[in-house]
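File shown: entry-v8.pdb (PDB, C-alpha atoms, pLDDT in the B column).
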ATOM      1  CA  MET A   1     206.592 106.908 153.134  1.00 57.00           C
ATOM      2  CA  ILE A   2     204.835 109.229 150.700  1.00 63.00           C
ATOM      3  CA  GLU A   3     203.235 107.704 147.632  1.00 67.00           C
ATOM      4  CA  LYS A   4     202.562 109.747 144.540  1.00 69.00           C
ATOM      5  CA  SER A   5     199.319 108.909 142.838  1.00 71.00           C
ATOM      6  CA  GLN A   6     198.889 109.485 139.156  1.00 76.00           C
ATOM      7  CA  ALA A   7     195.914 111.541 138.074  1.00 74.00           C
ATOM      8  CA  HIS A   8     193.427 109.654 135.949  1.00 67.00           C
ATOM      9  CA  GLU A   9     193.188 111.076 132.434  1.00 72.00           C
ATOM     10  CA  GLU A  10     190.010 110.651 130.445  1.00 77.00           C
ATOM     11  CA  GLY A  11     190.368 109.355 126.919  1.00 77.00           C
ATOM     12  CA  PRO A  12     188.114 110.059 123.962  1.00 81.00           C
ATOM     13  CA  ALA A  13     184.397 109.515 124.508  1.00 88.00           C
ATOM     14  CA  TRP A  14     182.755 106.183 123.706  1.00 93.00           C
ATOM     15  CA  LYS A  15     180.124 106.273 120.938  1.00 95.00           C
ATOM     16  CA  ILE A  16     177.240 103.817 120.763  1.00 95.00           C
ATOM     17  CA  THR A  17     177.506 101.872 117.518  1.00 94.00           C
ATOM     18  CA  GLY A  18     174.476  99.652 118.018  1.00 95.00           C
ATOM     19  CA  ARG A  19     171.954  98.258 120.484  1.00 96.00           C
ATOM     20  CA  PHE A  20     171.023  94.584 120.613  1.00 96.00           C
ATOM     21  CA  ALA A  21     168.505  92.489 122.533  1.00 96.00           C
ATOM     22  CA  THR A  22     170.934  89.615 123.219  1.00 95.00           C
ATOM     23  CA  PHE A  23     174.584  89.419 124.158  1.00 96.00           C
ATOM     24  CA  LYS A  24     175.202  86.996 121.295  1.00 96.00           C
ATOM     25  CA  GLU A  25     174.091  89.580 118.703  1.00 96.00           C
ATOM     26  CA  ALA A  26     176.153  92.302 120.385  1.00 96.00           C
ATOM     27  CA  ASP A  27     179.208  90.031 120.519  1.00 96.00           C
ATOM     28  CA  HIS A  28     178.853  89.273 116.802  1.00 95.00           C
ATOM     29  CA  LYS A  29     178.907  93.016 116.019  1.00 95.00           C
ATOM     30  CA  ARG A  30     181.883  93.485 118.378  1.00 95.00           C
ATOM     31  CA  GLN A  31     183.836  90.757 116.581  1.00 95.00           C
ATOM     32  CA  GLU A  32     183.202  92.509 113.238  1.00 94.00           C
ATOM     33  CA  LEU A  33     184.429  95.846 114.615  1.00 93.00           C
ATOM     34  CA  LEU A  34     187.548  94.348 116.212  1.00 92.00           C
ATOM     35  CA  ASN A  35     188.982  93.823 112.725  1.00 92.00           C
ATOM     36  CA  GLU A  36     189.340  97.592 112.320  1.00 87.00           C
ATOM     37  CA  GLU A  37     192.722  98.998 113.271  1.00 86.00           C
ATOM     38  CA  ASP A  38     193.139 101.529 116.129  1.00 88.00           C
ATOM     39  CA  LEU A  39     189.587 100.987 117.381  1.00 90.00           C
ATOM     40  CA  GLN A  40     188.534  99.920 120.860  1.00 91.00           C
ATOM     41  CA  VAL A  41     185.217  98.090 121.252  1.00 94.00           C
ATOM     42  CA  LYS A  42     183.206  97.100 124.309  1.00 95.00           C
ATOM     43  CA  ILE A  43     179.767  95.733 125.146  1.00 96.00           C
ATOM     44  CA  GLN A  44     177.807  97.331 127.945  1.00 95.00           C
ATOM     45  CA  TRP A  45     174.558  96.162 129.532  1.00 96.00           C
ATOM     46  CA  MET A  46     172.025  99.015 129.564  1.00 93.00           C
ATOM     47  CA  ARG A  47     169.832  98.220 132.531  1.00 93.00           C
ATOM     48  CA  LYS A  48     167.130 100.824 131.988  1.00 93.00           C
ATOM     49  CA  ARG A  49     166.629  99.833 128.358  1.00 90.00           C
ATOM     50  CA  ASN A  50     167.097  96.076 128.903  1.00 94.00           C
ATOM     51  CA  ASP A  51     169.532  95.732 126.011  1.00 95.00           C
ATOM     52  CA  PHE A  52     173.231  95.563 125.183  1.00 97.00           C
ATOM     53  CA  ALA A  53     175.075  98.506 123.652  1.00 96.00           C
ATOM     54  CA  VAL A  54     178.176  98.091 121.510  1.00 97.00           C
ATOM     55  CA  LYS A  55     180.445 101.070 122.085  1.00 96.00           C
ATOM     56  CA  THR A  56     183.529 102.142 120.116  1.00 95.00           C
ATOM     57  CA  ARG A  57     186.242 104.756 120.320  1.00 92.00           C
ATOM     58  CA  VAL A  58     189.594 105.564 118.748  1.00 88.00           C
ATOM     59  CA  ASP A  59     192.579 104.238 120.687  1.00 86.00           C
ATOM     60  CA  PRO A  60     193.516 106.985 123.232  1.00 83.00           C
ATOM     61  CA  THR A  61     197.201 106.957 122.282  1.00 83.00           C
ATOM     62  CA  ILE A  62     196.361 107.508 118.608  1.00 84.00           C
ATOM     63  CA  GLU A  63     193.871 110.238 119.523  1.00 81.00           C
ATOM     64  CA  ALA A  64     196.457 112.009 121.704  1.00 82.00           C
ATOM     65  CA  GLU A  65     198.988 111.982 118.853  1.00 87.00           C
ATOM     66  CA  ARG A  66     196.386 113.379 116.454  1.00 85.00           C
ATOM     67  CA  LEU A  67     195.484 116.210 118.860  1.00 87.00           C
ATOM     68  CA  ALA A  68     199.152 117.056 119.415  1.00 90.00           C
ATOM     69  CA  GLN A  69     199.700 117.220 115.651  1.00 92.00           C
ATOM     70  CA  GLU A  70     196.706 119.543 115.250  1.00 92.00           C
ATOM     71  CA  ARG A  71     198.053 121.836 117.997  1.00 93.00           C
ATOM     72  CA  ARG A  72     201.467 121.974 116.302  1.00 93.00           C
ATOM     73  CA  GLU A  73     199.911 122.879 112.949  1.00 93.00           C
ATOM     74  CA  LEU A  74     197.769 125.587 114.537  1.00 92.00           C
ATOM     75  CA  LYS A  75     200.816 127.054 116.258  1.00 92.00           C
ATOM     76  CA  LYS A  76     202.729 127.111 112.951  1.00 91.00           C
ATOM     77  CA  ARG A  77     199.846 128.900 111.198  1.00 91.00           C
ATOM     78  CA  ARG A  78     199.639 131.547 113.931  1.00 91.00           C
ATOM     79  CA  LYS A  79     203.388 132.068 113.831  1.00 90.00           C
ATOM     80  CA  LEU A  80     203.412 132.498 110.031  1.00 89.00           C
ATOM     81  CA  LYS A  81     200.496 134.927 110.215  1.00 88.00           C
ATOM     82  CA  LEU A  82     202.302 137.007 112.833  1.00 87.00           C
ATOM     83  CA  GLN A  83     205.491 137.036 110.744  1.00 86.00           C
ATOM     84  CA  LYS A  84     203.525 138.298 107.712  1.00 83.00           C
ATOM     85  CA  LYS A  85     202.054 141.121 109.785  1.00 81.00           C
ATOM     86  CA  ARG A  86     205.501 142.130 111.010  1.00 82.00           C
ATOM     87  CA  ARG A  87     206.911 142.168 107.464  1.00 81.00           C
ATOM     88  CA  LYS A  88     204.202 144.521 106.190  1.00 71.00           C
ATOM     89  CA  LYS A  89     205.111 147.267 108.678  1.00 63.00           C
TER      90      LYS A  89
END

What would the structure in this file look like if it were written as structure tokens?
Amino acid sequence: MIEKSQAHEEGPAWKITGRFATFKEADHKRQELLNEEDLQVKIQWMRKRNDFAVKTRVDPTIEAERLAQERRELKKRRKLKLQKKRRKK
């Protein structure tokens, strides 16, 4: 039996919103940020720095839709520009 494995796709990068000495402080900031729509939030222990980092990113599905929309608009602009060139000749 052959199994097909799905390739892992990376989402948008996580950005550090804040660094805190205790988990309680970091969790408080995370709870504030969770109220925002289409935002993912996580807390990560930073071992080398001995602190907690609160990281955020836009929801990958929303980001993918935004990128697809940008690509469509770019394609339309290129197509219109090419049509203008052809009309001038």

Original post:
For the file shown, what are the residues hit by the PyMOL selection byres ((chain A and resi 22) around 12), laid out as JSON, numbers by chain?
Top reply: {"A": [18, 19, 20, 21, 23, 24, 25, 26, 27, 28, 29, 43, 44, 45, 46, 50, 51, 52, 53, 54]}

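With only C-alpha atoms as the atoms that count, the residue of A:Arg86, A:Lys76, A:Arg30, A:Arg71 with the shortest distance to Lys55 (chain A) is A:Arg30.
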
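Between CA of Trp14 (chain A) and CA of Leu74 (chain A) there is a distance of 26.2 Å.
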
Subject >> Straight-line distance linking CA of Thr61 (chain A) with CA of Glu37 (chain A), stated in Å to one decimal >> reply: 12.8 Å

**OP:** Report as an MDAnalysis selection string the residues that result from applying the PyMOL selection byres ((chain A and resi 41) around 6) to the structure here.
**Re:** chainID A and resid 40 42 55:56

Padding 4 Å on every side, please: axis-aligned box over the listed atoms of region 53-72 of chain A, centre and edge lengths to one decimal in Å, as lines of an AutoDock Vina configuration file.
center_x = 188.3
center_y = 110.0
center_z = 119.5
size_x = 34.4
size_y = 31.9
size_z = 16.4

Original post:
Distance CA of Ala64 (chain A)-CA of Gln83 (chain A), one decimal place?
Top reply: 28.8 Å

Subject >> Residue neighbourhood region 8-13 of chain A, 8 Å, all atoms listed in the file, exclusion window fewer than 6 positions, as a PyMOL selection string >> reply: chain A and resi 57-58+60+63
